[in-house]
>>> print(open('final38.txt').read())   # compact mmCIF, C-alpha atoms
# COMPACT_ATOMS: atom_id res chain seq x y z
CA MET A 17 -32.86 49.19 -9.65
CA ASN A 18 -34.90 47.06 -12.05
CA THR A 19 -37.89 47.49 -9.74
CA VAL A 20 -37.51 51.26 -10.01
CA LEU A 21 -37.01 51.21 -13.78
CA THR A 22 -40.11 49.05 -14.31
CA ARG A 23 -42.17 51.25 -12.03
CA LEU A 24 -41.17 54.33 -14.05
CA GLY A 25 -41.87 52.64 -17.38
CA PHE A 26 -38.26 52.03 -18.45
CA PRO A 27 -36.80 48.70 -19.63
CA ALA A 28 -35.06 46.54 -17.02
CA HIS A 29 -31.61 44.99 -17.46
CA PRO A 30 -30.28 41.44 -17.02
CA THR A 31 -28.74 40.88 -13.60
CA GLU A 32 -25.39 40.12 -15.24
CA ALA A 33 -25.31 43.63 -16.74
CA TYR A 34 -25.20 45.17 -13.27
CA ARG A 35 -21.68 43.82 -12.79
CA TYR A 36 -20.58 46.71 -14.99
CA PHE A 37 -23.20 49.27 -14.00
CA VAL A 38 -22.16 49.39 -10.33
CA GLY A 39 -18.96 50.54 -8.67
CA GLU A 40 -18.99 54.31 -9.04
CA GLY A 41 -21.85 55.26 -6.74
CA MET A 42 -25.64 55.29 -7.06
CA ASP A 43 -25.73 58.47 -9.12
CA ASN A 44 -23.56 56.95 -11.84
CA LEU A 45 -25.47 53.68 -11.58
CA THR A 46 -28.69 55.56 -12.31
CA ARG A 47 -27.19 57.29 -15.34
CA ASN A 48 -25.84 53.97 -16.60
CA VAL A 49 -29.18 52.15 -16.55
CA LEU A 50 -31.48 54.84 -17.95
CA PRO A 51 -32.12 55.08 -21.72
CA LYS A 52 -29.63 57.48 -23.27
CA ASP A 53 -32.38 59.92 -24.26
CA ARG A 54 -33.78 60.09 -20.71
CA ILE A 55 -30.68 61.08 -18.76
CA ASP A 56 -32.09 64.47 -17.77
CA GLU A 57 -31.70 65.76 -14.22
CA LYS A 58 -35.39 65.39 -13.34
CA THR A 59 -35.51 61.75 -14.45
CA VAL A 60 -32.16 60.92 -12.86
CA SER A 61 -33.25 62.49 -9.57
CA LYS A 62 -36.54 60.58 -9.52
CA CYS A 63 -34.87 57.28 -10.40
CA LEU A 64 -32.10 57.83 -7.85
CA ALA A 65 -34.60 58.54 -5.08
CA GLY A 66 -36.46 55.34 -5.95
CA MET A 67 -33.23 53.35 -5.96
CA ARG A 68 -32.21 54.66 -2.55
CA GLU A 69 -35.62 53.73 -1.17
CA GLU A 70 -35.59 50.20 -2.62
CA TYR A 71 -31.96 49.58 -1.68
CA GLY A 72 -32.63 50.78 1.85
CA LYS A 73 -35.37 48.15 2.16
CA HIS A 74 -33.66 45.20 0.50
CA TRP A 75 -29.86 45.53 0.54
CA ALA A 76 -29.48 42.84 3.22
CA ASP A 77 -31.88 40.29 1.66
CA ASN A 78 -29.19 38.16 0.03
CA THR A 79 -26.02 39.89 1.17
CA LYS A 80 -23.28 38.08 3.07
CA PRO A 81 -19.47 38.11 3.22
CA TYR A 82 -17.63 36.23 0.50
CA THR A 83 -16.34 32.79 1.50
CA GLY A 84 -13.07 33.17 3.40
CA ILE A 85 -13.53 36.80 4.42
CA PRO A 86 -14.24 36.07 8.12
CA GLU A 87 -11.03 34.02 8.32
CA LEU A 88 -9.09 36.77 6.53
CA LEU A 89 -10.32 39.45 8.92
CA SER A 90 -9.51 37.31 11.94
CA GLY A 91 -6.04 36.68 10.53
CA LEU A 92 -5.44 40.39 10.02
CA GLU A 93 -6.51 41.15 13.60
CA GLN A 94 -4.27 38.41 14.99
CA ARG A 95 -1.34 39.97 13.12
CA LYS A 96 -2.34 43.46 14.30
CA ILE A 97 -2.68 44.72 10.73
CA ALA A 98 -4.86 47.82 10.56
CA ALA A 99 -7.89 47.56 8.28
CA ALA A 100 -10.17 50.20 6.80
CA VAL A 101 -13.19 50.20 4.49
CA LEU A 102 -13.69 52.66 1.62
CA SER A 103 -16.86 52.44 -0.47
CA ASN A 104 -18.72 54.47 -3.07
CA LYS A 105 -21.96 53.58 -1.31
CA PRO A 106 -23.41 56.40 0.82
CA ASP A 107 -21.40 56.90 4.00
CA GLU A 108 -24.22 56.21 6.46
CA LEU A 109 -25.27 53.05 4.61
CA THR A 110 -21.67 51.83 4.40
CA LYS A 111 -21.32 52.08 8.18
CA ILE A 112 -24.63 50.23 8.71
CA MET A 113 -23.53 47.46 6.34
CA VAL A 114 -20.19 46.91 8.05
CA GLU A 115 -21.83 46.90 11.47
CA LYS A 116 -24.46 44.36 10.38
CA LEU A 117 -22.39 42.07 8.15
CA LEU A 118 -18.99 42.22 9.90
CA PRO A 119 -19.83 42.76 13.58
CA ASP A 120 -17.03 40.59 14.98
CA TRP A 121 -14.12 42.60 13.58
CA SER A 122 -12.90 46.13 14.14
CA PHE A 123 -11.92 48.55 11.40
CA ARG A 124 -9.89 51.66 12.11
CA ILE A 125 -12.00 53.65 9.63
CA VAL A 126 -15.20 52.89 7.71
CA ARG A 127 -16.00 55.46 5.06
CA GLY A 128 -18.53 55.73 2.27
CA ALA A 129 -19.38 58.42 -0.24
CA LYS A 130 -20.01 61.94 1.06
CA PRO A 131 -21.51 64.82 -0.94
CA THR A 132 -18.51 67.06 -0.27
CA VAL A 133 -15.81 64.55 -1.30
CA PRO A 134 -15.22 63.15 -4.81
CA LYS A 135 -16.01 59.45 -5.19
CA LYS A 136 -13.51 56.80 -6.20
CA PRO A 137 -11.49 56.63 -8.42
CA ASP A 138 -10.58 60.09 -7.10
CA PRO A 139 -7.94 59.35 -4.42
CA THR A 140 -9.08 62.01 -1.93
CA SER A 141 -10.84 59.66 0.52
CA ALA A 142 -8.09 57.05 0.33
CA LEU A 143 -5.47 59.68 1.10
CA GLU A 144 -7.57 61.06 3.96
CA ILE A 145 -7.71 57.58 5.49
CA ALA A 146 -3.93 57.28 5.21
CA GLU A 147 -3.49 60.66 6.88
CA GLU A 148 -5.90 59.88 9.70
CA LEU A 149 -4.17 56.57 10.39
CA GLN A 150 -0.76 58.25 10.08
CA ILE A 151 0.38 55.53 7.69
CA HIS A 152 2.18 56.43 4.47
CA PRO A 153 0.08 55.58 1.37
CA ARG A 154 2.78 53.29 -0.03
CA ARG A 155 2.38 51.07 3.04
CA PHE A 156 -1.25 50.32 2.18
CA LEU A 157 -2.34 47.10 0.51
CA TYR A 158 -5.45 48.27 -1.33
CA LEU A 159 -7.79 45.33 -1.98
CA GLY A 160 -10.45 45.84 -4.64
CA ASP A 161 -12.39 43.97 -7.30
CA THR A 162 -13.08 46.65 -9.93
CA ASN A 163 -11.31 48.99 -12.32
CA THR A 164 -12.40 51.84 -10.05
CA ASP A 165 -10.51 50.33 -7.11
CA MET A 166 -7.32 49.77 -9.08
CA GLN A 167 -7.41 53.34 -10.40
CA THR A 168 -8.01 54.68 -6.88
CA ALA A 169 -5.09 52.72 -5.44
CA ASN A 170 -2.70 53.89 -8.14
CA SER A 171 -3.80 57.52 -7.87
CA ALA A 172 -3.27 57.38 -4.10
CA GLY A 173 0.16 55.77 -4.40
CA MET A 174 -1.03 52.56 -2.71
CA TYR A 175 -0.26 48.96 -3.67
CA ALA A 176 -3.14 47.85 -5.89
CA ALA A 177 -4.21 44.24 -5.29
CA GLY A 178 -6.99 43.00 -7.55
CA VAL A 179 -9.06 40.29 -5.89
CA LEU A 180 -10.51 37.56 -8.09
CA TRP A 181 -13.36 36.54 -5.78
CA GLY A 182 -15.30 39.65 -6.82
CA PHE A 183 -17.28 40.15 -10.02
CA ARG A 184 -14.81 41.62 -12.53
CA THR A 185 -12.16 39.89 -14.61
CA ALA A 186 -8.42 39.56 -14.07
CA GLU A 187 -7.89 41.26 -17.43
CA GLU A 188 -9.82 44.34 -16.32
CA LEU A 189 -7.95 44.57 -13.04
CA LEU A 190 -4.55 44.29 -14.74
CA ALA A 191 -5.50 46.79 -17.44
CA ASN A 192 -6.36 49.31 -14.74
CA GLY A 193 -3.15 49.05 -12.79
CA ALA A 194 -3.33 46.02 -10.49
CA ASN A 195 0.15 45.38 -9.08
CA THR A 196 -0.85 41.82 -8.23
CA LEU A 197 -3.87 39.51 -8.36
CA ILE A 198 -5.09 37.59 -5.32
CA LYS A 199 -7.19 34.47 -5.91
CA ASN A 200 -8.42 33.62 -2.40
CA PRO A 201 -8.92 35.72 0.76
CA GLN A 202 -6.52 33.51 2.68
CA ASP A 203 -3.78 34.37 0.18
CA VAL A 204 -3.82 37.93 1.52
CA LEU A 205 -2.24 36.74 4.78
CA LYS A 206 0.46 34.85 2.91
CA PHE A 207 1.11 37.98 0.86
CA PHE A 208 1.84 39.96 4.03
CA GLU A 209 4.12 37.28 5.40
CA ASP A 210 6.06 36.94 2.14
CA THR A 211 6.34 40.70 1.71
CA ARG A 212 7.64 41.28 5.22
CA LYS A 213 10.39 38.74 4.62
CA SER A 214 11.53 40.25 1.32
CA CYS A 215 10.87 44.01 1.63
CA PRO A 216 12.47 46.80 3.64
CA SER A 217 10.65 47.78 6.80
CA ASP A 218 8.86 50.65 5.10
CA CYS A 219 7.66 48.63 2.09
CA LEU A 220 4.26 47.58 3.47
>>> encode(input="final38.txt", output="structure tokens")
Amino acid sequence: MNTVLTRLGFPAHPTEAYRYFVGEGMDNLTRNVLPKDRIDEKTVSKCLAGMREEYGKHWADNTKPYTGIPELLSGLEQRKIAAAVLSNKPDELTKIMVEKLLPDWSFRIVRGAKPTVPKKPDPTSALEIAEELQIHPRRFLYLGDTNTDMQTANSAGMYAAGVLWGFRTAEELLANGANTLIKNPQDVLKFFEDTRKSCPSDCL
């Protein structure tokens, strides 16, 4: 995005600032980074097109799974726990990313943002996934690392688990409805085991 901003003559932002610019889709990202007096539709459209082009070229340059994620996914598969991906990135790009970065694991559904469906934190896509999998929303453990994720989980009636290996704070996750905080990917497996011992069969 900084490449696009510089090219168009706008000031760039520190990398750290992008922790709070991202999370609600590229359109909102574009509006967040532009000067307040330049958020007109023509400028937003031009900047968004440039971002999509740059991101399409470079998204995989330094991208890899967080430490512990491969082991978590293998553990979920061994326990026959269904997994799905829901992102505010464009749907086609989300599918490409999962295929490239997580090729050794299967997900029941991989879904990104579509023009006809509201983005997170609107619960529509999360509820559609629950319906397609024929699993009641309250049986979902919704893992996320942003306020947007916690809001989505709560709106969908899912169990909101804020993960601390992402790039937002525990305070933000709790303030936006996290039911629990998970420090390490491996702790997710322990969470399932503990929950199954202590909850009714329809709890999770």
>>> residues_around(input="final38.txt", residues="Ala194 in chain A", least_positions_apart="2", cutoff="10 Å", atoms="all atoms listed in the file", output="MDAnalysis selection string")
chainID A and resid 158:163 165:167 169:170 175:179 186:192 196:197
>>> write_last_selection(input="final38.txt", atoms="C-alpha atoms", output="PDB file, keeping the file's coordinate frame")
ATOM      1  CA  TYR A 158      -5.450  48.270  -1.330  1.00  0.00           C
ATOM      2  CA  LEU A 159      -7.790  45.330  -1.980  1.00  0.00           C
ATOM      3  CA  GLY A 160     -10.450  45.840  -4.640  1.00  0.00           C
ATOM      4  CA  ASP A 161     -12.390  43.970  -7.300  1.00  0.00           C
ATOM      5  CA  THR A 162     -13.080  46.650  -9.930  1.00  0.00           C
ATOM      6  CA  ASN A 163     -11.310  48.990 -12.320  1.00  0.00           C
ATOM      7  CA  ASP A 165     -10.510  50.330  -7.110  1.00  0.00           C
ATOM      8  CA  MET A 166      -7.320  49.770  -9.080  1.00  0.00           C
ATOM      9  CA  GLN A 167      -7.410  53.340 -10.400  1.00  0.00           C
ATOM     10  CA  ALA A 169      -5.090  52.720  -5.440  1.00  0.00           C
ATOM     11  CA  ASN A 170      -2.700  53.890  -8.140  1.00  0.00           C
ATOM     12  CA  TYR A 175      -0.260  48.960  -3.670  1.00  0.00           C
ATOM     13  CA  ALA A 176      -3.140  47.850  -5.890  1.00  0.00           C
ATOM     14  CA  ALA A 177      -4.210  44.240  -5.290  1.00  0.00           C
ATOM     15  CA  GLY A 178      -6.990  43.000  -7.550  1.00  0.00           C
ATOM     16  CA  VAL A 179      -9.060  40.290  -5.890  1.00  0.00           C
ATOM     17  CA  ALA A 186      -8.420  39.560 -14.070  1.00  0.00           C
ATOM     18  CA  GLU A 187      -7.890  41.260 -17.430  1.00  0.00           C
ATOM     19  CA  GLU A 188      -9.820  44.340 -16.320  1.00  0.00           C
ATOM     20  CA  LEU A 189      -7.950  44.570 -13.040  1.00  0.00           C
ATOM     21  CA  LEU A 190      -4.550  44.290 -14.740  1.00  0.00           C
ATOM     22  CA  ALA A 191      -5.500  46.790 -17.440  1.00  0.00           C
ATOM     23  CA  ASN A 192      -6.360  49.310 -14.740  1.00  0.00           C
ATOM     24  CA  THR A 196      -0.850  41.820  -8.230  1.00  0.00           C
ATOM     25  CA  LEU A 197      -3.870  39.510  -8.360  1.00  0.00           C
TER      26      LEU A 197
END
>>> atom_distance(input="final38.txt", atom1="CA of Ile55 in chain A", atom2="CA of Tyr36 in chain A")
18.0 Å
>>> closest_residue(input="final38.txt", among="A:Lys135, A:Lys206, A:Lys58, A:Arg184", to="Tyr34 in chain A", atoms="only C-alpha atoms")
A:Arg184
>>> atom_distance(input="final38.txt", atom1="CA of Pro86 in chain A", atom2="CA of Leu102 in chain A")
17.8 Å
>>> residues_around(input="final38.txt", residues="Leu45 in chain A", least_positions_apart="5", cutoff="9 Å", atoms="all atoms listed in the file", output="list in words")
Met17, Tyr34, Phe37, Val38, Gly39, Glu40, Leu50 and Leu64 of chain A
>>> closest_residue(input="final38.txt", among="A:Gly84, A:Pro27, A:Thr110, A:Ala98", to="Lys199 in chain A", atoms="all atoms listed in the file")
A:Gly84
>>> closest_residue(input="final38.txt", among="A:Leu88, A:Met113, A:Ala65, A:Ile125", to="Val101 in chain A", atoms="only C-alpha atoms")
A:Ile125
>>> atom_distance(input="final38.txt", atom1="CA of Arg127 in chain A", atom2="CA of Glu115 in chain A")
12.2 Å
>>> residues_around(input="final38.txt", residues="Glu147 in chain A", least_positions_apart="6", cutoff="12 Å", atoms="all atoms listed in the file", output="CSV table (one decimal) with C-alpha atoms, keeping the file's coordinate frame")
chain,number,residue,atom,x,y,z
A,125,ILE,CA,-12.0,53.6,9.6
A,140,THR,CA,-9.1,62.0,-1.9
A,141,SER,CA,-10.8,59.7,0.5
A,153,PRO,CA,0.1,55.6,1.4
A,154,ARG,CA,2.8,53.3,0.0
A,155,ARG,CA,2.4,51.1,3.0
A,156,PHE,CA,-1.2,50.3,2.2
A,172,ALA,CA,-3.3,57.4,-4.1
>>> build_atoms(input="final38.txt", residues="range 171-199 of chain A", atoms="N, CA and C atoms", output="compact mmCIF listing (two decimals), in the frame of the given file")
# COMPACT_ATOMS: atom_id res chain seq x y z
N SER A 171 -3.78 56.06 -8.03
CA SER A 171 -3.80 57.52 -7.87
C SER A 171 -3.36 57.93 -6.48
N ALA A 172 -3.64 57.07 -5.49
CA ALA A 172 -3.27 57.38 -4.10
C ALA A 172 -1.85 56.93 -3.76
N GLY A 173 -1.19 56.26 -4.68
CA GLY A 173 0.16 55.77 -4.40
C GLY A 173 0.17 54.55 -3.51
N MET A 174 -0.93 53.77 -3.51
CA MET A 174 -1.03 52.56 -2.71
C MET A 174 -0.79 51.34 -3.57
N TYR A 175 -0.52 50.19 -2.94
CA TYR A 175 -0.26 48.96 -3.67
C TYR A 175 -1.59 48.35 -4.07
N ALA A 176 -1.85 48.27 -5.37
CA ALA A 176 -3.14 47.85 -5.89
C ALA A 176 -3.20 46.33 -6.04
N ALA A 177 -4.04 45.69 -5.24
CA ALA A 177 -4.21 44.24 -5.29
C ALA A 177 -5.61 43.93 -5.80
N GLY A 178 -5.69 43.36 -6.99
CA GLY A 178 -6.99 43.00 -7.55
C GLY A 178 -7.41 41.63 -7.05
N VAL A 179 -8.59 41.56 -6.44
CA VAL A 179 -9.06 40.29 -5.89
C VAL A 179 -9.99 39.61 -6.89
N LEU A 180 -9.79 38.31 -7.06
CA LEU A 180 -10.51 37.56 -8.09
C LEU A 180 -11.77 36.88 -7.56
N TRP A 181 -12.11 37.10 -6.28
CA TRP A 181 -13.36 36.54 -5.78
C TRP A 181 -14.52 37.53 -5.95
N GLY A 182 -14.25 38.67 -6.56
CA GLY A 182 -15.30 39.65 -6.82
C GLY A 182 -16.03 39.35 -8.11
N PHE A 183 -16.46 40.40 -8.83
CA PHE A 183 -17.28 40.15 -10.02
C PHE A 183 -16.76 40.83 -11.28
N ARG A 184 -15.44 41.13 -11.31
CA ARG A 184 -14.81 41.62 -12.53
C ARG A 184 -13.66 40.70 -12.89
N THR A 185 -13.15 40.83 -14.11
CA THR A 185 -12.16 39.89 -14.61
C THR A 185 -10.73 40.29 -14.24
N ALA A 186 -9.84 39.30 -14.30
CA ALA A 186 -8.42 39.56 -14.07
C ALA A 186 -7.89 40.53 -15.12
N GLU A 187 -8.34 40.39 -16.35
CA GLU A 187 -7.89 41.26 -17.43
C GLU A 187 -8.22 42.71 -17.15
N GLU A 188 -9.42 42.97 -16.65
CA GLU A 188 -9.82 44.34 -16.32
C GLU A 188 -8.96 44.90 -15.20
N LEU A 189 -8.74 44.11 -14.19
CA LEU A 189 -7.95 44.57 -13.04
C LEU A 189 -6.52 44.91 -13.47
N LEU A 190 -5.91 44.04 -14.27
CA LEU A 190 -4.55 44.29 -14.74
C LEU A 190 -4.49 45.51 -15.65
N ALA A 191 -5.48 45.66 -16.50
CA ALA A 191 -5.50 46.79 -17.44
C ALA A 191 -5.64 48.12 -16.72
N ASN A 192 -6.16 48.08 -15.50
CA ASN A 192 -6.36 49.31 -14.74
C ASN A 192 -5.37 49.48 -13.60
N GLY A 193 -4.25 48.76 -13.69
CA GLY A 193 -3.15 49.05 -12.79
C GLY A 193 -2.94 48.13 -11.61
N ALA A 194 -3.56 46.95 -11.61
CA ALA A 194 -3.33 46.02 -10.49
C ALA A 194 -1.85 45.64 -10.44
N ASN A 195 -1.24 45.79 -9.27
CA ASN A 195 0.15 45.38 -9.08
C ASN A 195 0.27 43.87 -8.90
N THR A 196 -0.82 43.27 -8.42
CA THR A 196 -0.85 41.82 -8.23
C THR A 196 -2.31 41.38 -8.24
N LEU A 197 -2.54 40.09 -8.44
CA LEU A 197 -3.87 39.51 -8.36
C LEU A 197 -3.89 38.50 -7.22
N ILE A 198 -4.96 38.49 -6.45
CA ILE A 198 -5.09 37.59 -5.32
C ILE A 198 -6.32 36.72 -5.53
N LYS A 199 -6.12 35.40 -5.55
CA LYS A 199 -7.19 34.47 -5.91
C LYS A 199 -8.14 34.19 -4.76
